[in-house]
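Shown next: entry.cif, given as mmCIF, C-alpha atoms.
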data_coords
#
loop_
_atom_site.label_atom_id
_atom_site.label_comp_id
_atom_site.auth_asym_id
_atom_site.auth_seq_id
_atom_site.Cartn_x
_atom_site.Cartn_y
_atom_site.Cartn_z
CA TYR L 204 -23.34 -51.67 -83.58
CA THR L 205 -24.95 -49.65 -80.93
CA ASP L 206 -23.13 -47.52 -78.36
CA VAL L 207 -24.64 -47.08 -74.98
CA THR L 208 -23.32 -44.62 -72.43
CA GLN L 209 -23.20 -44.54 -68.68
CA THR L 210 -22.83 -41.28 -66.80
CA ILE L 211 -20.58 -41.44 -63.79
CA THR L 212 -20.86 -38.42 -61.49
CA ILE L 213 -18.01 -37.68 -59.13
CA ASP L 214 -19.31 -35.35 -56.44
CA ASP L 215 -17.55 -35.21 -53.12
CA ILE L 216 -20.09 -34.17 -50.49
CA THR L 217 -18.21 -35.40 -47.44
CA ASN L 218 -16.73 -32.81 -45.13
CA PRO L 219 -13.09 -33.15 -44.17
CA THR L 220 -12.06 -33.77 -40.58
CA GLY L 221 -9.54 -32.35 -38.13
CA THR L 222 -8.99 -31.40 -34.52
CA ALA L 223 -8.60 -27.87 -33.14
CA PRO L 224 -5.50 -26.96 -31.12
CA ALA L 225 -5.85 -27.48 -27.37
CA ASP L 226 -7.57 -24.73 -25.39
CA VAL L 227 -5.18 -22.36 -23.61
CA THR L 228 -5.32 -19.93 -20.67
CA VAL L 229 -3.03 -16.90 -20.47
CA GLU L 230 -2.66 -14.03 -18.00
CA CYS L 231 -2.52 -11.03 -20.32
CA SER L 232 -3.89 -10.06 -23.71
CA GLY L 233 -0.32 -9.72 -24.92
CA ASP L 234 0.20 -13.40 -24.12
CA VAL L 235 -2.48 -14.61 -26.58
CA PRO L 236 -0.67 -16.82 -29.11
CA ALA L 237 -0.83 -15.90 -32.77
CA ALA L 238 -3.10 -17.99 -34.96
CA ASP L 239 -1.19 -20.94 -36.39
CA ILE L 240 -2.72 -23.15 -39.07
CA THR L 241 0.10 -25.65 -38.64
CA ALA L 242 -1.20 -26.35 -35.12
CA ILE L 243 -3.85 -28.54 -36.80
CA THR L 244 -1.91 -31.66 -37.69
CA ASP L 245 -4.59 -34.30 -38.30
CA GLU L 246 -6.62 -32.70 -41.12
CA ALA L 247 -7.95 -35.40 -43.49
CA ASP L 248 -10.49 -35.93 -46.21
CA ASN L 249 -12.01 -38.86 -48.09
CA CYS L 250 -10.85 -37.50 -51.43
CA THR L 251 -8.48 -34.59 -51.01
CA VAL L 252 -5.01 -35.68 -50.00
CA ASN L 253 -4.10 -32.37 -48.36
CA PRO L 254 -7.13 -30.35 -47.28
CA THR L 255 -6.52 -26.66 -46.74
CA VAL L 256 -6.49 -25.13 -43.26
CA THR L 257 -7.32 -21.42 -42.80
CA HIS L 258 -7.78 -19.13 -39.81
CA GLU L 259 -11.29 -17.71 -40.00
CA GLY L 260 -10.98 -15.27 -37.13
CA ASP L 261 -11.16 -14.64 -33.38
CA VAL L 262 -14.32 -13.59 -31.54
CA SER L 263 -14.25 -12.18 -27.99
CA ASN L 264 -17.12 -12.54 -25.57
CA GLY L 265 -16.48 -8.92 -24.55
CA GLY L 266 -15.70 -9.86 -20.97
CA SER L 267 -12.74 -9.14 -18.80
CA CYS L 268 -11.09 -11.06 -16.00
CA PRO L 269 -11.71 -13.44 -17.67
CA GLU L 270 -12.15 -12.65 -21.34
CA ILE L 271 -12.99 -15.63 -23.57
CA ILE L 272 -11.80 -15.67 -27.18
CA THR L 273 -13.12 -18.25 -29.62
CA ARG L 274 -10.65 -18.88 -32.44
CA THR L 275 -11.99 -20.64 -35.52
CA TYR L 276 -10.01 -22.68 -38.04
CA ARG L 277 -11.58 -24.05 -41.25
CA ILE L 278 -10.55 -27.29 -42.95
CA THR L 279 -11.59 -27.28 -46.63
CA ASP L 280 -11.33 -29.97 -49.30
CA ASP L 281 -10.97 -29.47 -53.04
CA CYS L 282 -14.76 -29.48 -53.52
CA GLY L 283 -15.37 -26.73 -51.00
CA ASN L 284 -16.68 -28.98 -48.29
CA TYR L 285 -15.44 -27.71 -44.98
CA THR L 286 -15.41 -28.28 -41.26
CA ASP L 287 -14.90 -25.51 -38.69
CA VAL L 288 -13.05 -26.33 -35.45
CA THR L 289 -12.70 -23.92 -32.54
CA GLN L 290 -10.06 -23.25 -29.93
CA THR L 291 -10.96 -21.45 -26.68
CA ILE L 292 -8.41 -18.91 -25.39
CA THR L 293 -9.05 -17.63 -21.86
CA ILE L 294 -7.39 -14.40 -20.72
CA ASN L 295 -7.45 -14.23 -16.92
CA ASP L 296 -4.94 -12.24 -14.87
CA ILE L 297 -4.54 -13.78 -11.40
CA THR L 298 -1.15 -12.33 -10.47
CA ASN L 299 -1.00 -9.59 -7.81
CA PRO L 300 0.85 -6.37 -8.63
CA THR L 301 3.97 -5.38 -6.73
CA GLY L 302 5.32 -2.25 -5.05
CA THR L 303 7.25 -0.95 -2.07
CA ALA L 304 5.85 1.11 0.80
CA PRO L 305 7.42 4.47 1.65
CA ALA L 306 10.21 4.30 4.22
CA ASP L 307 9.19 4.17 7.89
CA VAL L 308 9.41 7.51 9.69
CA THR L 309 9.69 8.74 13.27
CA VAL L 310 8.33 12.14 14.32
CA GLU L 311 8.18 14.00 17.61
CA CYS L 312 4.55 15.11 17.64
CA SER L 313 1.22 13.99 16.20
CA GLY L 314 1.08 17.22 14.22
CA ASP L 315 4.29 16.18 12.47
CA VAL L 316 2.75 13.03 10.96
CA PRO L 317 3.07 13.42 7.18
CA ALA L 318 -0.08 13.33 5.09
CA ALA L 319 -0.72 10.18 3.12
CA ASP L 320 0.86 10.43 -0.32
CA ILE L 321 0.17 7.82 -2.98
CA THR L 322 2.94 9.28 -5.15
CA ALA L 323 5.45 8.14 -2.51
CA ILE L 324 5.09 4.66 -4.01
CA THR L 325 7.17 4.91 -7.16
CA ASP L 326 7.84 1.29 -8.15
CA GLU L 327 4.33 -0.11 -8.57
CA ALA L 328 4.26 -2.69 -11.35
CA ASP L 329 2.10 -5.47 -12.74
CA ASN L 330 2.44 -8.32 -15.22
CA CYS L 331 -0.46 -7.04 -17.36
CA THR L 332 -1.54 -3.56 -16.23
CA ILE L 333 0.84 -0.81 -17.37
CA ASN L 334 -0.13 1.62 -14.62
CA PRO L 335 -1.61 -0.10 -11.56
CA THR L 336 -3.62 2.14 -9.22
CA VAL L 337 -2.32 3.17 -5.78
CA THR L 338 -4.79 4.12 -3.03
CA HIS L 339 -4.45 5.03 0.65
CA GLU L 340 -6.51 2.50 2.60
CA GLY L 341 -6.17 4.12 6.02
CA ASP L 342 -4.09 4.62 9.17
CA VAL L 343 -4.42 2.44 12.27
CA SER L 344 -2.97 3.45 15.65
CA ASN L 345 -1.84 0.97 18.25
CA GLY L 346 -3.45 3.23 20.87
CA GLY L 347 -0.17 3.81 22.64
CA SER L 348 1.63 6.98 23.59
CA CYS L 349 5.29 7.82 23.93
CA PRO L 350 5.59 6.13 21.50
CA GLU L 351 2.43 5.77 19.47
CA ILE L 352 2.73 3.51 16.44
CA ILE L 353 0.63 4.20 13.35
CA THR L 354 0.41 1.64 10.56
CA ARG L 355 -0.41 3.30 7.24
CA THR L 356 -1.63 1.02 4.45
CA TYR L 357 -1.42 1.64 0.72
CA ARG L 358 -3.06 -0.67 -1.83
CA ILE L 359 -1.73 -1.38 -5.32
CA THR L 360 -4.48 -2.66 -7.65
CA ASP L 361 -4.38 -3.90 -11.24
CA ASP L 362 -7.13 -3.75 -13.86
CA CYS L 363 -8.47 -7.17 -12.80
CA GLY L 364 -8.83 -6.22 -9.15
CA ASN L 365 -5.80 -8.17 -7.97
CA TYR L 366 -4.07 -6.16 -5.27
CA THR L 367 -1.16 -6.00 -2.87
CA ASP L 368 -1.18 -4.05 0.40
CA VAL L 369 2.04 -2.44 1.62
CA THR L 370 2.45 -0.75 5.00
CA GLN L 371 4.45 2.15 6.35
CA THR L 372 5.16 2.46 10.07
CA ILE L 373 4.97 5.97 11.55
CA THR L 374 6.31 6.30 15.08
CA ILE L 375 5.30 9.31 17.18
CA ASP L 376 7.76 9.70 20.05
CA ASP L 377 8.34 13.00 21.83
CA THR L 378 11.91 13.07 23.14
CA GLN L 379 12.28 16.81 23.69
CA ALA L 380 12.09 18.30 27.15
CA PRO L 381 9.81 21.26 27.76
CA LEU L 382 11.38 24.71 27.70
CA ILE L 383 11.41 26.72 30.92
CA SER L 384 11.52 30.48 30.51
CA GLY L 385 11.06 33.53 32.73
CA THR L 386 13.30 35.62 34.95
CA ILE L 387 14.55 33.52 37.82
CA LEU L 388 15.84 35.76 40.60
CA ASP L 389 16.86 35.24 44.15
CA GLN L 390 13.74 35.14 46.30
CA PRO L 391 13.40 36.04 49.99
CA ALA L 392 12.26 33.38 52.37
CA ASN L 393 8.86 33.70 54.02
CA ALA L 394 9.35 35.16 57.48
CA MET L 395 7.22 33.16 59.90
CA GLY L 396 8.48 34.65 63.13
CA SER L 397 11.69 35.32 64.98
CA CYS L 398 14.39 33.27 63.26
CA ILE L 399 11.82 31.08 61.51
CA TYR L 400 11.73 31.10 57.70
CA GLU L 401 9.93 28.95 55.19
CA VAL L 402 10.41 28.14 51.49
CA PRO L 403 7.89 30.13 49.40
CA ASP L 404 5.96 28.89 46.35
CA VAL L 405 8.27 29.73 43.43
CA ILE L 406 6.55 27.71 40.69
CA GLY L 407 4.68 30.78 39.51
CA LEU L 408 7.97 32.44 38.62
CA VAL L 409 8.42 30.34 35.49
CA SER L 410 6.57 29.82 32.23
CA VAL L 411 6.81 26.61 30.27
CA THR L 412 6.36 25.73 26.59
CA ASP L 413 6.40 22.32 24.93
CA ASN L 414 7.32 21.27 21.41
CA CYS L 415 4.22 19.12 20.90
CA THR L 416 1.40 20.48 23.05
CA ALA L 417 0.22 24.07 22.98
CA THR L 418 -1.26 23.72 26.45
CA PRO L 419 0.67 20.79 27.83
CA ALA L 420 -0.54 18.75 30.77
CA LEU L 421 2.67 19.41 32.66
CA THR L 422 3.76 18.17 36.03
CA ILE L 423 5.62 20.93 37.88
CA THR L 424 7.21 20.34 41.25
CA GLN L 425 9.63 22.16 43.53
CA SER L 426 12.05 20.82 46.05
CA PRO L 427 12.23 21.65 48.93
CA THR L 428 8.46 21.98 48.95
CA VAL L 429 6.51 25.06 49.99
CA GLY L 430 6.60 25.60 53.78
CA THR L 431 9.84 23.73 54.39
CA GLU L 432 11.62 25.53 57.25
CA ILE L 433 15.09 26.79 56.45
CA SER L 434 17.73 28.66 58.39
CA ALA L 435 20.19 29.33 55.58
CA ASN L 436 20.13 30.25 51.92
CA THR L 437 18.58 27.35 50.01
CA ALA L 438 18.48 26.41 46.31
CA VAL L 439 15.01 25.28 45.26
CA THR L 440 14.79 23.01 42.23
CA ILE L 441 11.82 23.42 39.89
CA THR L 442 11.21 20.29 37.76
CA VAL L 443 8.86 20.24 34.78
CA ALA L 444 7.75 16.98 33.10
CA ASP L 445 5.74 16.87 29.88
CA GLU L 446 3.17 14.26 28.87
CA CYS L 447 5.89 11.91 27.65
CA GLY L 448 7.96 12.20 30.80
CA ASN L 449 10.65 14.44 29.32
CA THR L 450 11.92 16.75 32.09
CA ALA L 451 13.59 20.11 32.45
CA THR L 452 14.88 21.80 35.63
CA THR L 453 15.75 25.25 36.83
CA PHE L 454 16.81 26.69 40.20
CA VAL L 455 15.72 29.55 42.45
CA ASN L 456 17.83 30.75 45.36
CA ILE L 457 15.86 31.34 48.56
CA LEU L 458 17.60 33.93 50.75
CA VAL L 459 17.29 34.38 54.50
CA PRO L 460 18.44 37.52 56.37
CA ALA L 461 22.14 37.73 57.13
CA SER L 462 21.38 37.97 60.84
CA VAL L 463 20.02 34.41 60.67
CA THR L 464 22.77 32.91 58.58
#
Rewrite the coordinates I just gave you, this time as structure tokens.
Amino acid sequence: YTDVTQTITIDDITNPTGTAPADVTVECSGDVPAADITAITDEADNCTVNPTVTHEGDVSNGGSCPEIITRTYRITDDCGNYTDVTQTITINDITNPTGTAPADVTVECSGDVPAADITAITDEADNCTINPTVTHEGDVSNGGSCPEIITRTYRITDDCGNYTDVTQTITIDDTQAPLISGTILDQPANAMGSCIYEVPDVIGLVSVTDNCTATPALTITQSPTVGTEISANTAVTITVADECGNTATTFVNILVPASVT
């Protein structure tokens, strides 16, 4: 007899198949899901009953806001044939940070307005950024006076440039009357002739200071006015009004000779 032989070569050269997990978008790097080989559920091969799935690694594009991560899984059969599938993970923070403005304040004078202070915001927070930045964006006046309203704006910004503006209202309202000082004494009436007397100018007897203005634009009046004819002792009222209309008064006695009274 004669034996003849046939060589049968079994050589799997077909790559397995499978589908990557769905692409995902998250806000923060801490939200990136861990690699999970069980997320590939349809791996298959022409020969290998259960091809192997491995996580080959994550590669970032180096960007930020967004950052793109490409995650690669490999499906391998028993002959080393493999197919790589990729999942795209996008990290993109779109949530604004939060924080509370300093409490509103009311002051008497413009010189009492507190300086801007970013440390007065103590509760700034963000979903991704551990320490969001606080900046003073500026003060805007309403152009008024008595009161004047200033709106001060602070901005809270995260690492992706998302921001929230918070405002503090500063009210400038002078409610204090000016202070009249000086020695106020009885003053003789101006003799204008026999039995005729007039009220003198007594405004110069007083000095005035104001809580807000070093050289205030004061309105000072006296009543009765200079030159008013009198025939008996008369009390003259001196009234001082500051720029906000706060007033103070004092009195000067105008005396006429006893022979007239």
Which is closest to Pro427 (chain L) among L:Val227, L:Val411, L:Ile294, L:Ile406, if we use only C-alpha atoms?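 Of the candidates, the smallest distance to Pro427 (chain L) is held by L:Ile406.
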L:Thr251, L:Thr360, L:Ser267, L:Thr452 ranked by distance to Asn334 (chain L), top pick (using all atoms listed in the file):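 When distances to Asn334 (chain L) are compared using all atoms listed in the file, the smallest one comes from L:Thr360.
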Pick from L:Ser397, L:Asp280, L:Val459, L:Ala380: nearest to Leu421 (chain L), with only C-alpha atoms counted?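 Ranking L:Ser397, L:Asp280, L:Val459, L:Ala380 by distance to Leu421 (chain L), first place goes to L:Ala380.
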So which residues get picked by the PyMOL selection byres ((chain L and resi 319) around 9) here, written as a PyMOL selection string? chain L and resi 317-318+320-321+323+339+341-342+355+357
Fewer than 4 positions away in the same chain doesn't count, so skip those; otherwise give me all residues within 7 Å of Val308 (chain L), counting all atoms listed in the file, as an MDAnalysis selection string. chainID L and resid 372:374
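Shortest atom-to-atom contact with Ser313 (chain L) among L:Cys415, L:Ala438, L:Ile457, L:Ile433: L:Cys415, counting only C-alpha atoms.
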